[in-house]
$ cat final-v8.tsv   # TSV, C-alpha atoms and all ligand atoms
chain	number	residue	atom	x	y	z
A	1	SER	CA	116.88	50.48	-3.89
A	2	LYS	CA	115.86	49.68	-0.33
A	3	PRO	CA	113.47	46.80	0.30
A	4	ASN	CA	109.99	47.63	1.58
A	5	ILE	CA	109.33	45.60	4.70
A	6	GLY	CA	105.91	45.24	6.31
A	7	ILE	CA	105.87	44.52	10.01
A	8	ILE	CA	102.97	42.67	11.59
A	9	VAL	CA	102.74	42.77	15.37
A	10	GLY	CA	100.51	40.10	16.92
A	11	SER	CA	99.28	42.22	19.81
A	12	ASN	CA	96.59	44.85	20.26
A	13	SER	CA	97.82	45.98	23.68
A	14	GLN	CA	98.53	49.70	23.98
A	15	SER	CA	101.65	48.78	25.96
A	16	SER	CA	102.70	45.86	23.78
A	17	ILE	CA	106.26	44.73	24.42
A	18	ASN	CA	106.26	43.21	20.94
A	19	MET	CA	105.38	46.57	19.40
A	20	GLN	CA	108.24	48.10	21.42
A	21	LEU	CA	110.57	45.39	20.14
A	22	ALA	CA	109.36	45.84	16.55
A	23	LYS	CA	110.02	49.58	16.58
A	24	ALA	CA	113.45	49.15	18.16
A	25	LEU	CA	114.40	46.51	15.59
A	26	THR	CA	113.63	48.89	12.73
A	27	LYS	CA	115.98	51.47	14.23
A	28	LEU	CA	118.90	49.03	13.99
A	29	VAL	CA	118.74	49.03	10.19
A	30	SER	CA	116.69	52.12	9.36
A	31	ASP	CA	119.22	53.15	6.69
A	32	GLN	CA	118.92	49.80	4.89
A	33	ALA	CA	115.17	49.28	4.46
A	34	ASN	CA	111.83	51.05	4.50
A	35	PHE	CA	109.62	49.74	7.31
A	36	GLU	CA	105.88	50.05	7.74
A	37	ILE	CA	103.96	48.62	10.65
A	38	ILE	CA	100.81	47.11	9.20
A	39	ASP	CA	97.93	47.49	11.64
A	40	ILE	CA	95.91	44.30	12.09
A	41	THR	CA	94.02	45.42	15.18
A	42	LYS	CA	91.07	46.89	13.26
A	43	LEU	CA	90.49	44.02	10.86
A	44	PRO	CA	87.05	42.45	11.21
A	45	PHE	CA	86.71	38.83	12.24
A	46	TYR	CA	87.22	36.83	9.04
A	47	ASN	CA	84.07	35.09	7.75
A	48	ARG	CA	84.12	32.96	4.59
A	49	ASP	CA	80.49	33.92	3.90
A	50	GLU	CA	81.90	37.28	2.80
A	51	ASP	CA	84.32	35.85	0.22
A	52	ASP	CA	82.17	37.20	-2.64
A	53	ASN	CA	82.20	40.63	-1.05
A	54	THR	CA	85.43	40.89	0.90
A	55	PRO	CA	85.30	43.65	3.53
A	56	LYS	CA	87.25	46.73	2.46
A	57	ALA	CA	89.54	46.41	5.45
A	58	PHE	CA	90.79	43.06	4.15
A	59	VAL	CA	90.97	44.30	0.53
A	60	ASP	CA	93.21	47.16	1.65
A	61	PHE	CA	95.19	44.90	3.97
A	62	LYS	CA	95.87	42.40	1.20
A	63	ALA	CA	96.94	45.15	-1.21
A	64	LEU	CA	99.37	46.47	1.38
A	65	ILE	CA	100.80	42.98	2.01
A	66	GLY	CA	101.15	42.48	-1.74
A	67	SER	CA	103.15	45.68	-2.08
A	68	LYS	CA	105.90	44.52	0.32
A	69	ASP	CA	109.20	42.81	-0.46
A	70	GLY	CA	109.22	41.06	2.89
A	71	ILE	CA	107.13	40.59	6.01
A	72	LEU	CA	108.48	40.56	9.55
A	73	PHE	CA	106.21	38.96	12.14
A	74	VAL	CA	106.80	40.16	15.69
A	75	THR	CA	104.43	38.30	17.93
A	76	PRO	CA	103.61	37.38	21.50
A	77	GLU	CA	102.60	33.86	22.47
A	78	HIS	CA	99.10	33.17	23.74
A	79	ASN	CA	98.63	29.83	25.46
A	80	ARG	CA	101.60	28.37	23.62
A	81	SER	CA	100.36	29.43	20.18
A	82	VAL	CA	99.81	32.47	17.98
A	83	PRO	CA	97.40	35.11	19.29
A	84	ALA	CA	93.93	34.95	17.72
A	85	LEU	CA	94.49	38.49	16.47
A	86	LEU	CA	97.38	37.32	14.30
A	87	LYS	CA	95.63	34.15	13.13
A	88	ASN	CA	92.67	36.27	12.01
A	89	ALA	CA	94.95	38.47	9.90
A	90	LEU	CA	96.69	35.44	8.41
A	91	ASP	CA	93.39	33.74	7.61
A	92	GLY	CA	91.68	36.82	6.17
A	93	GLY	CA	94.76	37.65	4.10
A	94	SER	CA	94.80	34.11	2.70
A	95	ARG	CA	91.32	34.21	1.18
A	96	PRO	CA	89.31	33.94	-1.06
A	97	PHE	CA	90.84	30.62	-2.08
A	98	LYS	CA	93.71	31.12	-4.54
A	99	GLN	CA	93.52	34.87	-4.07
A	100	GLY	CA	95.64	35.08	-0.96
A	101	ALA	CA	98.12	37.88	-0.41
A	102	TRP	CA	100.93	35.98	1.31
A	103	ASN	CA	102.24	33.55	-1.30
A	104	GLY	CA	105.90	33.90	-2.17
A	105	ILE	CA	106.71	36.79	0.13
A	106	PRO	CA	109.84	36.15	2.23
A	107	ALA	CA	109.26	36.34	5.96
A	108	GLY	CA	110.97	36.49	9.31
A	109	VAL	CA	109.58	35.45	12.69
A	110	ILE	CA	110.57	36.94	16.04
A	111	GLY	CA	108.87	37.76	19.31
A	112	THR	CA	109.28	38.44	22.98
A	113	SER	CA	107.70	37.45	26.28
A	114	PRO	CA	108.88	37.54	29.87
A	115	GLY	CA	108.99	33.75	30.12
A	116	GLY	CA	112.04	31.60	29.50
A	117	PRO	CA	110.68	29.90	26.36
A	118	ALA	CA	110.11	33.44	25.05
A	119	THR	CA	107.42	32.81	22.39
A	120	SER	CA	109.23	29.82	20.92
A	121	MET	CA	106.09	27.69	20.71
A	122	ALA	CA	104.04	30.45	19.12
A	123	GLN	CA	106.80	30.89	16.56
A	124	GLN	CA	106.83	27.19	15.74
A	125	HIS	CA	103.05	27.24	15.26
A	126	LEU	CA	103.40	30.33	13.10
A	127	ARG	CA	106.03	28.60	10.97
A	128	ASN	CA	103.60	25.77	10.34
A	129	ILE	CA	101.08	28.29	8.99
A	130	LEU	CA	103.66	30.11	6.88
A	131	VAL	CA	104.71	26.85	5.20
A	132	PHE	CA	101.16	26.39	3.98
A	133	LEU	CA	100.94	30.03	2.90
A	134	ASP	CA	104.11	29.41	0.86
A	135	MET	CA	106.15	32.15	2.49
A	136	PRO	CA	109.88	31.39	2.46
A	137	THR	CA	110.73	32.00	6.12
A	138	MET	CA	114.21	32.51	7.56
A	139	GLN	CA	115.10	29.53	9.75
A	140	GLN	CA	118.24	30.86	11.43
A	141	PRO	CA	119.08	32.70	13.50
A	142	GLU	CA	116.06	32.12	15.72
A	143	GLY	CA	114.38	35.01	17.49
A	144	PHE	CA	113.27	33.76	20.90
A	145	ILE	CA	113.73	37.00	22.82
A	146	GLN	CA	113.12	37.04	26.56
A	147	TRP	CA	111.72	40.37	27.70
A	148	LYS	CA	113.84	41.90	30.44
A	149	ASP	CA	114.33	45.43	31.73
A	150	GLY	CA	116.59	47.18	29.27
A	151	LEU	CA	115.90	44.98	26.26
A	152	VAL	CA	114.45	48.18	24.85
A	153	ASP	CA	115.89	51.26	26.54
A	154	ALA	CA	114.14	54.50	27.51
A	155	ASN	CA	114.83	55.95	24.07
A	156	GLY	CA	113.25	53.02	22.29
A	157	ASN	CA	116.55	51.51	21.17
A	158	ILE	CA	117.70	47.92	21.65
A	159	GLY	CA	119.76	47.85	24.84
A	160	THR	CA	123.45	47.02	24.88
A	161	ALA	CA	123.08	43.41	26.10
A	162	SER	CA	121.08	42.33	23.03
A	163	HIS	CA	122.28	44.88	20.51
A	164	ASP	CA	124.79	42.70	18.66
A	165	TYR	CA	122.57	39.63	18.50
A	166	LEU	CA	119.55	41.55	17.23
A	167	ASN	CA	121.60	43.67	14.86
A	168	THR	CA	122.96	40.50	13.28
A	169	TRP	CA	119.46	39.02	13.25
A	170	MET	CA	118.13	42.01	11.31
A	171	GLN	CA	121.08	41.98	8.88
A	172	LYS	CA	120.42	38.32	8.18
A	173	PHE	CA	116.70	38.92	7.76
A	174	LEU	CA	117.35	41.66	5.18
A	175	ALA	CA	119.82	39.36	3.40
A	176	TRP	CA	117.13	36.64	3.40
A	177	VAL	CA	114.63	39.01	1.82
A	178	GLU	CA	117.15	39.96	-0.84
A	179	LYS	CA	117.90	36.30	-1.60
A	180	HIS	CA	114.21	35.40	-1.96
A	181	PRO	CA	112.68	38.08	-4.17
A	182	ARG	CA	108.95	37.80	-3.91
A	183	GLN	CA	107.16	36.16	-6.79
A	184	LYS	CA	104.66	38.52	-8.37
A	185	GLN	CA	101.20	36.96	-8.39
A	201	LIG	C1	99.96	35.26	27.72
A	201	LIG	N1	101.32	35.28	27.97
A	201	LIG	C2	102.10	34.19	27.56
A	201	LIG	N2	103.48	34.26	27.56
A	201	LIG	C3	104.21	33.22	27.10
A	201	LIG	O1	105.42	33.31	27.08
A	201	LIG	N3	103.60	32.07	26.69
A	201	LIG	C4	102.25	31.91	26.68
A	201	LIG	O2	101.75	30.88	26.27
A	201	LIG	C5	101.46	33.00	27.14
A	201	LIG	N4	100.10	32.93	27.13
A	201	LIG	C6	99.34	34.07	27.29
A	201	LIG	C7	97.98	34.05	27.02
A	201	LIG	C8	97.24	35.21	27.07
A	201	LIG	C9	95.78	35.19	26.71
A	201	LIG	C10	97.87	36.43	27.48
A	201	LIG	C11	97.09	37.71	27.54
A	201	LIG	C12	99.18	36.44	27.79
A	201	LIG	C13	101.96	36.45	28.55
A	201	LIG	C14	102.49	37.37	27.45
A	201	LIG	O3	103.78	36.95	27.10
A	201	LIG	C15	102.56	38.82	27.95
A	201	LIG	O4	101.24	39.24	28.20
A	201	LIG	C16	103.22	39.74	26.93
A	201	LIG	O5	103.31	41.04	27.45
A	201	LIG	C17	102.40	39.76	25.65
A	201	LIG	O6	103.04	40.53	24.64
A	201	LIG	P1	102.47	41.98	24.23
A	201	LIG	O7	100.99	41.88	24.05
A	201	LIG	O8	102.82	42.91	25.39
A	201	LIG	O9	103.22	42.33	22.99

$ encode --input "final-v8.tsv" --output "structure tokens" --more "lines below"
Ligand code: FNR
Amino acid sequence: SKPNIGIIVGSNSQSSINMQLAKALTKLVSDQANFEIIDITKLPFYNRDEDDNTPKAFVDFKALIGSKDGILFVTPEHNRSVPALLKNALDGGSRPFKQGAWNGIPAGVIGTSPGGPATSMAQQHLRNILVFLDMPTMQQPEGFIQWKDGLVDANGNIGTASHDYLNTWMQKFLAWVEKHPRQKQ
């Protein structure tokens, strides 16, 4: 059966280039996996004072994370690190202590920005977090994707220049998920 992949986009912009990339990536392998974009933009700001009474939004979010065979992070870079929006989702999903949702779920990390370094530093910071959350994360190939006209075409597909690279990237990500079946909590 097809793996169920959750996609987390680290942007709340209505015109997010990372959301455009995420949707186009799913189209490359839509016959091989079920994809669901998991909305993190409406999560409240995590507060440990609420650990005895976790807000429903985080309860539901954690249940959704826990139902996935793999998580694909598609994120912009903010000031050379992960956007606060994404960090909030990671933190809230990791608590209460020892009741986190992330542990053991295989992950992939990719993202785009117009700059040359193309979210590489945000991705390295994210990897540091995912090590602690015990998510086996694909190391190669890397996904430092510079945003240029035509990366995603008018129909929402990956353009010809990057098609082969990103198609291979997605094949390898799905193979990674298959090789690292998530540990049930
Ligand atoms: C940015 N941007 C940015 N780009 C980058 O490559 N490295 C960086 O460190 C930053 N820092 C940064 C901080 C903040 C607060 C903002 C708002 C933006 C630019 C960023 O790549 C650009 O806005 C992208 O369009 C963001 O991706 P989404 O939100 O369109 O998916």

$ closest_residue --input "final-v8.tsv" --among "A:Asn47, A:Asn4, A:Gln171, A:Ser81" --to "A:Ala118" --atoms "only C-alpha atoms"
A:Ser81

$ residues_near_ligand --input "final-v8.tsv" --ligand "ligand LIG 201 (chain A)" --cutoff "8 Å" --atoms "all atoms listed in the file" --output "PyMOL selection string"
chain A and resi 9-13+15-20+75-81+83+112-119+121-122

$ residues_near_point --input "final-v8.tsv" --point "(106.4, 39.1, -9.8)" --cutoff "12 Å" --atoms "all atoms listed in the file" --output "compact mmCIF listing (two decimals) with C-alpha atoms, in the frame of the given file"
# COMPACT_ATOMS: atom_id res chain seq x y z
CA GLY A 66 101.15 42.48 -1.74
CA SER A 67 103.15 45.68 -2.08
CA LYS A 68 105.90 44.52 0.32
CA ASP A 69 109.20 42.81 -0.46
CA ASN A 103 102.24 33.55 -1.30
CA GLY A 104 105.90 33.90 -2.17
CA ILE A 105 106.71 36.79 0.13
CA HIS A 180 114.21 35.40 -1.96
CA PRO A 181 112.68 38.08 -4.17
CA ARG A 182 108.95 37.80 -3.91
CA GLN A 183 107.16 36.16 -6.79
CA LYS A 184 104.66 38.52 -8.37
CA GLN A 185 101.20 36.96 -8.39

$ closest_residue --input "final-v8.tsv" --among "A:Tyr46, A:Ile65, A:Ile158, A:Asp60" --to "A:Arg95" --atoms "all atoms listed in the file"
A:Tyr46

$ atom_distance --input "final-v8.tsv" --atom1 "atom CA of A:Gly156" --atom2 "atom CA of A:Thr137"
26.6 Å

$ closest_residue --input "final-v8.tsv" --among "A:Ile129, A:Val152, A:Ala33, A:Ala22" --to "A:Gly70" --atoms "all atoms listed in the file"
A:Ala33

$ atom_distance --input "final-v8.tsv" --atom1 "atom CA of A:Asp31" --atom2 "atom CA of A:Pro141"
21.6 Å

$ closest_residue --input "final-v8.tsv" --among "A:Thr160, A:Gln14, A:Ser30, A:Gln99" --to "A:Asp52" --atoms "all atoms listed in the file"
A:Gln99

$ residues_near_point --input "final-v8.tsv" --point "(108.1, 44.1, 10.9)" --cutoff "8 Å" --atoms "only C-alpha atoms" --output "ChimeraX atom specification"
/A:5-9,22,26,35-37,71-74

$ closest_residue --input "final-v8.tsv" --among "A:Ala107, A:Ala24, A:Ala63, A:Ala84" --to "A:Gln140" --atoms "all atoms listed in the file"
A:Ala107

$ closest_residue --input "final-v8.tsv" --among "A:Gly92, A:Gly111, A:Pro55, A:Pro106" --to "A:Leu130" --atoms "only C-alpha atoms"
A:Pro106

$ atom_distance --input "final-v8.tsv" --atom1 "atom CA of A:Asp149" --atom2 "atom CA of A:His163"
13.8 Å

$ residues_around --input "final-v8.tsv" --residues "A:Ala57" --least-positions-apart "5" --cutoff "12 Å" --atoms "all atoms listed in the file" --output "PDB file with C-alpha atoms, keeping the file's coordinate frame"
ATOM      1  CA  ILE A  38     100.810  47.110   9.200  1.00  0.00           C
ATOM      2  CA  ASP A  39      97.930  47.490  11.640  1.00  0.00           C
ATOM      3  CA  ILE A  40      95.910  44.300  12.090  1.00  0.00           C
ATOM      4  CA  THR A  41      94.020  45.420  15.180  1.00  0.00           C
ATOM      5  CA  LYS A  42      91.070  46.890  13.260  1.00  0.00           C
ATOM      6  CA  LEU A  43      90.490  44.020  10.860  1.00  0.00           C
ATOM      7  CA  PRO A  44      87.050  42.450  11.210  1.00  0.00           C
ATOM      8  CA  PHE A  45      86.710  38.830  12.240  1.00  0.00           C
ATOM      9  CA  TYR A  46      87.220  36.830   9.040  1.00  0.00           C
ATOM     10  CA  LYS A  62      95.870  42.400   1.200  1.00  0.00           C
ATOM     11  CA  ALA A  63      96.940  45.150  -1.210  1.00  0.00           C
ATOM     12  CA  LEU A  64      99.370  46.470   1.380  1.00  0.00           C
ATOM     13  CA  ALA A  89      94.950  38.470   9.900  1.00  0.00           C
ATOM     14  CA  GLY A  92      91.680  36.820   6.170  1.00  0.00           C
ATOM     15  CA  GLY A  93      94.760  37.650   4.100  1.00  0.00           C
TER      16      GLY A  93
END

$ build_atoms --input "final-v8.tsv" --residues "stretch 84-103 of chain A" --atoms "N, CA and C atoms" --output "tab-separated table (two decimals), keeping the file's coordinate frame"
chain	number	residue	atom	x	y	z
A	84	ALA	N	95.06	34.98	18.65
A	84	ALA	CA	93.93	34.95	17.72
A	84	ALA	C	93.95	36.15	16.78
A	85	LEU	N	94.40	37.28	17.30
A	85	LEU	CA	94.49	38.49	16.47
A	85	LEU	C	95.35	38.23	15.23
A	86	LEU	N	96.47	37.59	15.42
A	86	LEU	CA	97.38	37.32	14.30
A	86	LEU	C	96.80	36.24	13.38
A	87	LYS	N	96.21	35.22	13.95
A	87	LYS	CA	95.63	34.15	13.13
A	87	LYS	C	94.52	34.72	12.24
A	88	ASN	N	93.75	35.66	12.80
A	88	ASN	CA	92.67	36.27	12.01
A	88	ASN	C	93.24	37.02	10.80
A	89	ALA	N	94.33	37.74	11.01
A	89	ALA	CA	94.95	38.47	9.90
A	89	ALA	C	95.50	37.51	8.86
A	90	LEU	N	96.14	36.44	9.33
A	90	LEU	CA	96.69	35.44	8.41
A	90	LEU	C	95.57	34.79	7.61
A	91	ASP	N	94.49	34.42	8.28
A	91	ASP	CA	93.39	33.74	7.61
A	91	ASP	C	92.70	34.68	6.61
A	92	GLY	N	92.36	35.88	7.06
A	92	GLY	CA	91.68	36.82	6.17
A	92	GLY	C	92.54	37.19	4.97
A	93	GLY	N	93.85	37.31	5.20
A	93	GLY	CA	94.76	37.65	4.10
A	93	GLY	C	94.99	36.49	3.14
A	94	SER	N	94.57	35.31	3.53
A	94	SER	CA	94.80	34.11	2.70
A	94	SER	C	93.63	33.78	1.79
A	95	ARG	N	92.56	34.55	1.88
A	95	ARG	CA	91.32	34.21	1.18
A	95	ARG	C	90.82	35.36	0.32
A	96	PRO	N	89.90	35.20	-0.64
A	96	PRO	CA	89.31	33.94	-1.06
A	96	PRO	C	90.35	32.95	-1.59
A	97	PHE	N	89.96	31.70	-1.66
A	97	PHE	CA	90.84	30.62	-2.08
A	97	PHE	C	91.55	30.99	-3.37
A	98	LYS	N	92.86	30.81	-3.39
A	98	LYS	CA	93.71	31.12	-4.54
A	98	LYS	C	93.86	32.61	-4.81
A	99	GLN	N	93.33	33.43	-3.93
A	99	GLN	CA	93.52	34.87	-4.07
A	99	GLN	C	94.18	35.46	-2.83
A	100	GLY	N	94.96	34.63	-2.17
A	100	GLY	CA	95.64	35.08	-0.96
A	100	GLY	C	96.74	36.08	-1.26
A	101	ALA	N	97.12	36.82	-0.23
A	101	ALA	CA	98.12	37.88	-0.41
A	101	ALA	C	99.52	37.44	-0.03
A	102	TRP	N	99.66	36.31	0.65
A	102	TRP	CA	100.93	35.98	1.31
A	102	TRP	C	101.93	35.27	0.40
A	103	ASN	N	101.42	34.51	-0.56
A	103	ASN	CA	102.24	33.55	-1.30
A	103	ASN	C	103.52	34.16	-1.86
